[in-house]
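A.B. asks: Mind looking over this structure? Questions follow.
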Amino acid sequence: MGSIMDLGIRGKRALVCAASKGLGRGCALALAREGVQVTIVARGAEALAATLAEIRKVGADGTAVAADITTPAGRAAALAACPQPDILVNNAGGPPPGDFRDWSRDDWLAALDANMLTPIELIKATVDGMIERKFGRIINITSGAVKAPIDVLGLSNGARSGLTGFVAGLARKTVRHNVTINNLLPGLFDTDRIRNVVGAQAKTKNIAYEAALAERLATIPAGRIGDPAEFGAACAWLCSTQAGYITGQNWLLDGGAYPGTF
Ligand code: NAD
C-alpha cells in the first residue's frame, strides 16, 4: 500500500509494541512507509528480525527490542531504545478464552497486566514528553469485544474495558497539547492469533479449517477477513498531523460486523 496523502509525520519516532506479527506489525509497517522511525517490540527475536528487515526495505529507520512488554524489565528495555516517542502504539497478546468460574485472581491479574496496566504504564512514561513537545499520538489496540462482548473472552472484555474507561478521561486532558489518545477495535483480521482460534474451532467442531472460517465470515457484512495492512493504514492516519482534533475515540474496524447504528 503506497502513501495516500502526506500524513506530516516523517522523522517522528514511534514505539510499537507487540509488533513482530499481526496487527502490531501492520501498524509498524504503515508508519514506516510514512517515514516514521519505528522501534518494534516483541518477545521472539526471529520474527522481530524479519519485520525489522521489512521496515528497512521501505527505507525507514528501525530498531527492534526483544522483550516481554508486560513486564517492568521489558518496558524498561523498550523505553531505553525509544525514550521519547512521538507515537506510541500499545499492543500485547490477548488473554486466553474460558469460563470465568475457572479463572483465579492470578489469571485476572495477568489479563489486567497485559491489556490494561501495561498500556497505562507506557502512557505514563511517555505522555509528558509528548505534551512538552506539543505533539503526541497514542493508539491502543483493544478489541471489538469492548463494544460487543464475546462470551468466552471475559478476561479480554473486562481488562480492555478498564483501559478504555481510563483513557477516555486522560484523552480529554492531553488533546489541548496536541496529544491525542484513541483506541482501535479490531473485528476479525488475518493474523496468526486468528488462524489459531479458527483452527481450534474447526477441531472442536470436527470440520475443515475453511468451513470454520466460512462460518465466521458469514457474520461479517464485508464477507471477508480484514488485512492487517488495512488496520495499519487506519493507525497511521490517526497518528497524522491531520488527526489532531480526534481524541478519546473507539474506532471499530470490523467489516460492518457490529450491527448498531452507532
Ligand atoms: P498475533 O498473535 O498475530 O501477533 C501478536 C504479536 O504480539 C506478535 O508479534 C507477538 O510476538 C507479540 N506479543 C504478544 N505478546 C507480547 C508481549 N507480552 N510482549 C511483547 N510482544 C508480544 O496477534 P494479533 O491478531 O495481531 O492481535 C494483537 C492484539 O489484538 C491481541 O491483543 C489480540 O487479542 C487483539 N485482537 C486481535 C483480533 C484479530 O482479529 N486479529 C481481534 C480482536 C482483538
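Each chain of the C-alpha cells is named A, B, ... in the order shown, its residues numbered from 1; ligands are numbered from 1 in display order.
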Write out as a PyMOL selection string each polymer residue (protein, DNA or RNA) that has an atom no more than 8 Å from ligand 1, with only C-alpha atoms and all ligand atoms counted.
C.D. replies: chain A and resi 17-25+41-44+47-48+66-71+74+91-95+114-115+141-145+156+185-194+226+228
A.B. asks: List the neighbours of Tyr245 (chain A) out to 10 Å using only C-alpha atoms; skip same-chain residues closer than 6 positions along the sequence, and give me the result as number ranges by chain.
C.D. replies: A: 175-176, 178-180, 238
A.B. asks: What separation in Å, quoted to one decimal, exists between CA of Ser104 (chain A) and CA of Thr204 (chain A)?
C.D. replies: 24.8 Å
A.B. asks: Taking 6 positions as the minimum chain separation for residues in the same chain, which residues sit within 7 Å of Asp86 (chain A) when counting only C-alpha atoms? Answer as number ranges by chain.
C.D. replies: A: 12-14, 130, 135-137
A.B. asks: Using DSSP on the backbone, list every residue of region 34-136 of chain A that comes out as helix (DSSP H, G or I), and give them as an MDAnalysis selection string.
C.D. replies: chainID A and resid 45:57 72:81 100:102 105:133
A.B. asks: Report as a list in words all protein, DNA and RNA residues lying within 12 Å of Glu210 (chain A), evaluated on only C-alpha atoms, omitting residues in the same chain fewer than 6 positions from it.
C.D. replies: Arg195, Val198, Gly199, Gln201, Ala202, Lys203, Arg216 and Leu217 of chain A
A.B. asks: What's the 9 Å shell around Ala236 (chain A), counting only C-alpha atoms, without same-chain residues fewer than 2 positions away, as a PyMOL selection string?
C.D. replies: chain A and resi 7+27-28+30-31+34+231-234+238-240
A.B. asks: Please provide the set of residues having any atom within 12 Å of Asp102 (chain A), restricted to only C-alpha atoms, with same-chain residues fewer than 5 positions apart removed, written as a list in words.
C.D. replies: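 Near neighbours after the sequence-gap exclusion: Pro96, Pro97, Asp107, Trp108, Val152, Gly154 and Leu155 of chain A.
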A.B. asks: Mind checking which residues fall within 6 Å of region 50-65 of chain A, counting only C-alpha atoms, ignoring those fewer than 5 positions away in the same chain, and posting them as a list in words?
C.D. replies: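 The filter keeps Ser20, Leu29, Ala32, Gly35, Gln37, Val38, Thr39, Ile40 and Val41 of chain A.
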A.B. asks: With N, CA and C atoms retained, export the selected residues as a CSV table (one decimal), in the first residue's frame.
C.D. replies:
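In the end it all went to again22.csv:
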chain,number,residue,atom,x,y,z
A,20,SER,N,6.0,-7.8,16.0
A,20,SER,CA,6.7,-8.6,15.0
A,20,SER,C,5.7,-9.3,14.1
A,29,LEU,N,4.6,-1.2,10.0
A,29,LEU,CA,4.9,-1.1,8.5
A,29,LEU,C,4.3,0.2,7.9
A,32,ALA,N,6.2,3.1,9.1
A,32,ALA,CA,7.5,3.2,8.4
A,32,ALA,C,7.3,3.7,7.0
A,35,GLY,N,7.6,7.3,6.7
A,35,GLY,CA,8.9,7.9,7.1
A,35,GLY,C,9.1,8.0,8.6
A,37,GLN,N,10.4,6.8,12.2
A,37,GLN,CA,11.5,6.0,12.8
A,37,GLN,C,10.8,5.0,13.8
A,38,VAL,N,10.8,3.7,13.5
A,38,VAL,CA,10.0,2.8,14.3
A,38,VAL,C,10.8,1.9,15.2
A,39,THR,N,10.5,1.8,16.5
A,39,THR,CA,11.1,0.8,17.4
A,39,THR,C,10.0,-0.2,17.6
A,40,ILE,N,10.3,-1.5,17.2
A,40,ILE,CA,9.3,-2.5,17.4
A,40,ILE,C,9.7,-3.4,18.6
A,41,VAL,N,8.7,-3.9,19.3
A,41,VAL,CA,9.0,-4.7,20.5
A,41,VAL,C,8.2,-6.0,20.3
A.B. asks: Pick out the closest residue to Ser161 (chain A) from this set: A:Leu122, A:Ala243, A:Leu112, A:Ala76. Count only C-alpha atoms.
C.D. replies: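 Checking each candidate against Ser161 (chain A), we get A:Leu112 as the closest.
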A.B. asks: Check the DSSP output for the backbone and give back, as a ChimeraX atom specification, the residues of region 8-232 of chain A in strand (DSSP E).
C.D. replies: /A:13-16,37-42,62-66,87-90,136-141,179-186
A.B. asks: How many Å separate CA of Asp99 (chain A) from CA of Phe262 (chain A)?
C.D. replies: 29.6 Å
A.B. asks: Quick one: of A:Ala212, A:Cys82, A:Ala73, A:Ala45, who's nearest to Ala200 (chain A), counting only C-alpha atoms?
C.D. replies: A:Ala212
A.B. asks: Would you mind reading off the distance between CA of Leu15 (chain A) and CA of Pro83 (chain A), one decimal, in Å?
C.D. replies: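 Atom-to-atom, CA of Leu15 (chain A) to CA of Pro83 (chain A), that is 8.9 Å.
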